Amino acid sequence: MKRIVILTGAGVSAESGLGTFRDKDGLWTKYDLAEVATPEGFAQNPGLVHDFYNARRANALDAGPNAAHHALVRLEREAQAEVLVVTQNVDDLHERAGTTRLIHMHGCLTGALCASCGHRWPAPRAMSPTDLCPSCGAATTRPDIVWFGEMPYQMDAIYEAVAGADLFVSIGTSGEVYPAAGLVEEARMAGAETLEINLEPTNRPGLFDEVIQGPASEAVPGWVSAYLT
Ligand code: BV8
């Protein structure tokens with residue numbers, strides 16, 4: 001059975017109206033990453049960080065999956081292959097489109113985490129520093145998101161899947177953030193074919209056997225249709 005690993009980034013949700021990070025007017029042009037996406041920033045000003053994620057959670061809940069998300073569901077359902085989506089995104093558009101084999105390596109806006117006891121529960125639409133953990137009662141709740149300097153989730157499972165992949169597809173990611181950006185090299189070392197689908201090629205010569213340039217909502221359905229014929 002063929003095994004396909006698909007890594008997605010903010011570009012796959014861009015046409016659902018959710019901002020990317022490093023494009024012009026991207027999130028990191030409006031917010032200081034260090035203040036809102038690091039444990040130090042959270043310790044310094046938890047209210048600012050909750051506001052940042054509350055705004056993104058509201059946007060994500062109000063957004064809908066686009067044709068790229070739906071095409072990946074079609075691939076999972078129709079391909080004679082085992083398909084795993086590894087997403088860097090913290091929105092839940094893949095699961096809302098119907099993807100079932102999915103890993104959120106940077107966490108998800110729909111999750112809340114207690115920084116004291118590690119308890120996890122579904123995040124309310126808006127979180128605040130005064131929320132109390134439903135399990136231990138401490139006022140140390142945080143979004144269940146992996147910040148810079150923190151270990152992404154399920155890396156063992158991700159490396160295992162990449163090591164066994166026949167095809168590795170990178171969609172809508174600038175390839176700037178590690179360890180996600182290093183997965184394509186792991187795939188190549190394991191002998192997988194590698195494909196990049198992105199609005200602009202990320203110009204990482206020698207990493208991708210094939211590059212398809214275009215908006216994800218067109219390029220991904222096009223590729224999936226070609227793959228399935
Ligand atoms: C780790 C959650 C170590 C937050 C994110 C110093 C100290 C510590 C670590 C480091 C350090 N220096 C470097 C590092 C490593 C660091 C890193 O890589 N930094 C970079 C900036 C240099 N990585 C980490 O810190 C990671 N952890 O290393 O831990 C460790 C080891 C042992 C034990 C403990 C710890 C953790 C990284 C995770 C951080 N969290 N997200 C949040 O979302 O708010 S990362 C952040 O960037 C986003 O989540 C996003 O997912 C990710 C990647 O961005 P992209 O998705 O690629 O988005 P981007 O805007 O960049 O690109 C969009 C692309 O889409 C573009 O190419 C564009 O052309 C394209 N596009 C746009 N529109 C479309 C499109 N494509 C198609 N169609 C369209 N319509």
# chains A, B, ... in the order shown; residues from 1 in each chain; ligands from 1
call {"tool": "residues_around", "arguments": {"residues": "Ala190 (chain A)", "least_positions_apart": "3", "cutoff": "12 Å", "atoms": "only C-alpha atoms", "output": "NGL selection string"}}
result
:A and (159-168 or 183-187 or 193-194)
call {"tool": "residues_around", "arguments": {"residues": "region 42-58 of chain A", "least_positions_apart": "5", "cutoff": "7 Å", "atoms": "only C-alpha atoms", "output": "JSON, numbers by chain"}}
result
{"A": [36, 109, 125, 126, 127, 128, 129]}
call {"tool": "residues_around", "arguments": {"residues": "Asp23 (chain A)", "least_positions_apart": "5", "cutoff": "12 Å", "atoms": "only C-alpha atoms", "output": "list in words"}}
result
Ala10, Gly11, Ala14, Leu18, Trp28, Thr29, Lys30, Gly172, Thr173, Ser174, Leu199 and Glu200 of chain A
call {"tool": "write_last_selection", "arguments": {"atoms": "C-alpha atoms", "output": "short mmCIF file (atom, residue, chain, number, x, y, z; two decimals), in the first residue's frame"}}
result
data_model
loop_
_atom_site.label_atom_id
_atom_site.label_comp_id
_atom_site.auth_asym_id
_atom_site.auth_seq_id
_atom_site.Cartn_x
_atom_site.Cartn_y
_atom_site.Cartn_z
CA ALA A 10 -0.82 28.58 6.51
CA GLY A 11 -1.06 28.78 2.71
CA ALA A 14 -5.19 31.47 3.19
CA LEU A 18 -7.12 33.06 7.56
CA TRP A 28 4.20 38.37 11.98
CA THR A 29 4.13 41.80 10.37
CA LYS A 30 1.43 42.88 12.85
CA GLY A 172 1.31 26.17 1.53
CA THR A 173 4.32 26.47 3.79
CA SER A 174 7.35 28.73 3.52
CA LEU A 199 1.68 30.06 -4.31
CA GLU A 200 5.33 30.91 -4.89
#
call {"tool": "residues_around", "arguments": {"residues": "Asp91 (chain A)", "least_positions_apart": "4", "cutoff": "10 Å", "atoms": "only C-alpha atoms", "output": "PyMOL selection string"}}
result
chain A and resi 10+13+18+56-57+59-61+63+65+87+95-96+104+107-110
call {"tool": "write_last_selection", "arguments": {"atoms": "N, CA, C and O atoms", "output": "PDB file, in the first residue's frame"}}
result
ATOM      1  N   ALA A  10       0.195  27.519   6.528  1.00  0.00           N
ATOM      2  CA  ALA A  10      -0.819  28.580   6.508  1.00  0.00           C
ATOM      3  C   ALA A  10      -1.380  28.831   5.109  1.00  0.00           C
ATOM      4  O   ALA A  10      -2.520  29.277   4.950  1.00  0.00           O
ATOM      5  N   SER A  13      -4.796  27.470   4.221  1.00  0.00           N
ATOM      6  CA  SER A  13      -5.983  28.119   4.817  1.00  0.00           C
ATOM      7  C   SER A  13      -6.129  29.569   4.383  1.00  0.00           C
ATOM      8  O   SER A  13      -7.091  30.238   4.759  1.00  0.00           O
ATOM      9  N   LEU A  18      -7.977  33.015   6.361  1.00  0.00           N
ATOM     10  CA  LEU A  18      -7.124  33.064   7.558  1.00  0.00           C
ATOM     11  C   LEU A  18      -5.732  33.531   7.146  1.00  0.00           C
ATOM     12  O   LEU A  18      -5.174  33.053   6.172  1.00  0.00           O
ATOM     13  N   ARG A  56      -7.740  34.811  16.658  1.00  0.00           N
ATOM     14  CA  ARG A  56      -7.511  33.791  15.612  1.00  0.00           C
ATOM     15  C   ARG A  56      -8.522  32.664  15.735  1.00  0.00           C
ATOM     16  O   ARG A  56      -8.961  32.079  14.745  1.00  0.00           O
ATOM     17  N   ARG A  57      -8.917  32.330  16.977  1.00  0.00           N
ATOM     18  CA  ARG A  57      -9.919  31.269  17.175  1.00  0.00           C
ATOM     19  C   ARG A  57     -11.253  31.717  16.582  1.00  0.00           C
ATOM     20  O   ARG A  57     -11.893  30.963  15.846  1.00  0.00           O
ATOM     21  N   ASN A  59     -11.715  33.912  14.162  1.00  0.00           N
ATOM     22  CA  ASN A  59     -11.581  33.894  12.687  1.00  0.00           C
ATOM     23  C   ASN A  59     -11.700  32.467  12.149  1.00  0.00           C
ATOM     24  O   ASN A  59     -12.381  32.209  11.177  1.00  0.00           O
ATOM     25  N   ALA A  60     -11.018  31.544  12.851  1.00  0.00           N
ATOM     26  CA  ALA A  60     -11.015  30.151  12.374  1.00  0.00           C
ATOM     27  C   ALA A  60     -12.416  29.556  12.470  1.00  0.00           C
ATOM     28  O   ALA A  60     -12.872  28.866  11.561  1.00  0.00           O
ATOM     29  N   LEU A  61     -13.132  29.854  13.564  1.00  0.00           N
ATOM     30  CA  LEU A  61     -14.483  29.305  13.738  1.00  0.00           C
ATOM     31  C   LEU A  61     -15.436  29.900  12.707  1.00  0.00           C
ATOM     32  O   LEU A  61     -16.361  29.252  12.237  1.00  0.00           O
ATOM     33  N   ALA A  63     -14.489  30.848   9.720  1.00  0.00           N
ATOM     34  CA  ALA A  63     -14.033  30.494   8.359  1.00  0.00           C
ATOM     35  C   ALA A  63     -14.547  29.102   8.003  1.00  0.00           C
ATOM     36  O   ALA A  63     -15.041  28.367   8.859  1.00  0.00           O
ATOM     37  N   PRO A  65     -13.654  25.439   5.423  1.00  0.00           N
ATOM     38  CA  PRO A  65     -12.635  24.784   4.591  1.00  0.00           C
ATOM     39  C   PRO A  65     -12.758  25.249   3.139  1.00  0.00           C
ATOM     40  O   PRO A  65     -13.853  25.607   2.691  1.00  0.00           O
ATOM     41  N   THR A  87      -0.251  18.810   9.871  1.00  0.00           N
ATOM     42  CA  THR A  87      -0.442  20.242   9.641  1.00  0.00           C
ATOM     43  C   THR A  87       0.277  21.075  10.691  1.00  0.00           C
ATOM     44  O   THR A  87       0.332  20.699  11.869  1.00  0.00           O
ATOM     45  N   GLU A  95     -10.017  19.013   9.717  1.00  0.00           N
ATOM     46  CA  GLU A  95     -10.986  18.062  10.315  1.00  0.00           C
ATOM     47  C   GLU A  95     -12.401  18.460   9.944  1.00  0.00           C
ATOM     48  O   GLU A  95     -13.251  17.608   9.699  1.00  0.00           O
ATOM     49  N   ARG A  96     -12.680  19.745   9.827  1.00  0.00           N
ATOM     50  CA  ARG A  96     -14.038  20.157   9.451  1.00  0.00           C
ATOM     51  C   ARG A  96     -14.346  19.781   8.009  1.00  0.00           C
ATOM     52  O   ARG A  96     -15.495  19.552   7.639  1.00  0.00           O
ATOM     53  N   HIS A 104      -1.858  17.502  14.319  1.00  0.00           N
ATOM     54  CA  HIS A 104      -1.642  18.938  14.510  1.00  0.00           C
ATOM     55  C   HIS A 104      -0.309  19.108  15.250  1.00  0.00           C
ATOM     56  O   HIS A 104      -0.266  19.141  16.475  1.00  0.00           O
ATOM     57  N   GLY A 107      -0.303  22.050  17.576  1.00  0.00           N
ATOM     58  CA  GLY A 107      -1.481  22.214  18.426  1.00  0.00           C
ATOM     59  C   GLY A 107      -2.658  22.760  17.636  1.00  0.00           C
ATOM     60  O   GLY A 107      -2.613  22.850  16.407  1.00  0.00           O
ATOM     61  N   CYS A 108      -3.722  23.129  18.361  1.00  0.00           N
ATOM     62  CA  CYS A 108      -4.945  23.583  17.700  1.00  0.00           C
ATOM     63  C   CYS A 108      -5.695  24.591  18.566  1.00  0.00           C
ATOM     64  O   CYS A 108      -5.742  24.459  19.786  1.00  0.00           O
ATOM     65  N   LEU A 109      -6.276  25.583  17.915  1.00  0.00           N
ATOM     66  CA  LEU A 109      -7.016  26.643  18.620  1.00  0.00           C
ATOM     67  C   LEU A 109      -8.207  26.089  19.393  1.00  0.00           C
ATOM     68  O   LEU A 109      -8.695  26.707  20.335  1.00  0.00           O
ATOM     69  N   THR A 110      -8.685  24.905  18.989  1.00  0.00           N
ATOM     70  CA  THR A 110      -9.872  24.345  19.662  1.00  0.00           C
ATOM     71  C   THR A 110      -9.502  23.697  20.990  1.00  0.00           C
ATOM     72  O   THR A 110     -10.370  23.225  21.709  1.00  0.00           O
TER      73      THR A 110
END
call {"tool": "residues_around", "arguments": {"residues": "Asn203 (chain A)", "least_positions_apart": "3", "cutoff": "12 Å", "atoms": "only C-alpha atoms", "output": "PyMOL selection string"}}
result
chain A and resi 173-176+196-200+206-208+210-211+213
call {"tool": "select_by_dssp", "arguments": {"residues": "chain A", "states": "helix (DSSP H, G or I)", "output": "count of residues only"}}
result
86
call {"tool": "residues_around", "arguments": {"residues": "Leu228 (chain A)", "least_positions_apart": "3", "cutoff": "10 Å", "atoms": "only C-alpha atoms", "output": "ChimeraX atom specification"}}
result
/A:74-75,78-80,223-225
call {"tool": "residues_around", "arguments": {"residues": "Gln154 (chain A)", "least_positions_apart": "4", "cutoff": "10 Å", "atoms": "only C-alpha atoms", "output": "list in words"}}
result
Val86, Ile103, His104, Met105, His106, Ile158 and Tyr159 of chain A
call {"tool": "select_by_dssp", "arguments": {"residues": "region 119-173 of chain A", "states": "strand (DSSP E or B)", "output": "PyMOL selection string"}}
result
chain A and resi 120-122+141-145+167-171
call {"tool": "write_last_selection", "arguments": {"atoms": "N, CA and C atoms", "output": "compact mmCIF listing (two decimals), in the first residue's frame"}}
result
# COMPACT_ATOMS: atom_id res chain seq x y z
N ARG A 120 -6.15 18.82 29.61
CA ARG A 120 -6.59 19.38 28.32
C ARG A 120 -8.10 19.30 28.23
N TRP A 121 -8.69 20.34 27.62
CA TRP A 121 -10.16 20.34 27.45
C TRP A 121 -10.49 21.21 26.24
N PRO A 122 -11.71 21.09 25.72
CA PRO A 122 -12.06 21.91 24.55
C PRO A 122 -12.03 23.40 24.92
N THR A 141 -4.39 28.73 32.63
CA THR A 141 -4.83 28.08 31.38
C THR A 141 -4.16 28.77 30.20
N ARG A 142 -3.89 28.00 29.15
CA ARG A 142 -3.26 28.53 27.94
C ARG A 142 -3.85 27.83 26.73
N PRO A 143 -3.73 28.45 25.54
CA PRO A 143 -4.18 27.72 24.35
C PRO A 143 -3.29 26.50 24.15
N ASP A 144 -3.83 25.41 23.65
CA ASP A 144 -3.02 24.20 23.46
C ASP A 144 -2.27 24.33 22.13
N ILE A 145 -1.34 25.25 22.12
CA ILE A 145 -0.57 25.62 20.91
C ILE A 145 0.92 25.44 21.22
N LEU A 167 5.62 9.09 -0.96
CA LEU A 167 5.43 10.42 -1.53
C LEU A 167 5.24 11.41 -0.38
N PHE A 168 5.99 12.52 -0.43
CA PHE A 168 5.88 13.59 0.56
C PHE A 168 5.47 14.87 -0.17
N VAL A 169 4.33 15.44 0.25
CA VAL A 169 3.82 16.63 -0.43
C VAL A 169 3.77 17.78 0.56
N SER A 170 4.44 18.89 0.23
CA SER A 170 4.44 20.09 1.09
C SER A 170 3.53 21.12 0.46
N ILE A 171 2.51 21.55 1.20
CA ILE A 171 1.50 22.47 0.62
C ILE A 171 1.38 23.73 1.48
call {"tool": "closest_residue", "arguments": {"among": "A:Asp25, A:Glu218, A:Glu150, A:Asp209", "to": "ligand 1", "atoms": "only C-alpha atoms and all ligand atoms"}}
result
A:Glu150
call {"tool": "closest_residue", "arguments": {"among": "A:Pro221, A:Gly111, A:Gly41, A:Gly9", "to": "ligand 1", "atoms": "only C-alpha atoms and all ligand atoms"}}
result
A:Gly9
call {"tool": "atom_distance", "arguments": {"atom1": "CA of Gly149 (chain A)", "atom2": "atom 18 (O, counted along the ligand's line) of ligand 1"}}
result
8.4 Å
call {"tool": "closest_residue", "arguments": {"among": "A:Pro134, A:Gly182, A:Pro215, A:Gly19", "to": "ligand 1", "atoms": "only C-alpha atoms and all ligand atoms"}}
result
A:Pro215
call {"tool": "closest_residue", "arguments": {"among": "A:Val85, A:Ala138, A:Ala115, A:Leu7", "to": "ligand 1", "atoms": "only C-alpha atoms and all ligand atoms"}}
result
A:Leu7
call {"tool": "closest_residue", "arguments": {"among": "A:Leu84, A:Val177, A:Val220, A:Ala67", "to": "ligand 1", "atoms": "only C-alpha atoms and all ligand atoms"}}
result
A:Val177
call {"tool": "closest_residue", "arguments": {"among": "A:Gln88, A:Thr130, A:Thr140, A:Thr38", "to": "ligand 1", "atoms": "only C-alpha atoms and all ligand atoms"}}
result
A:Gln88
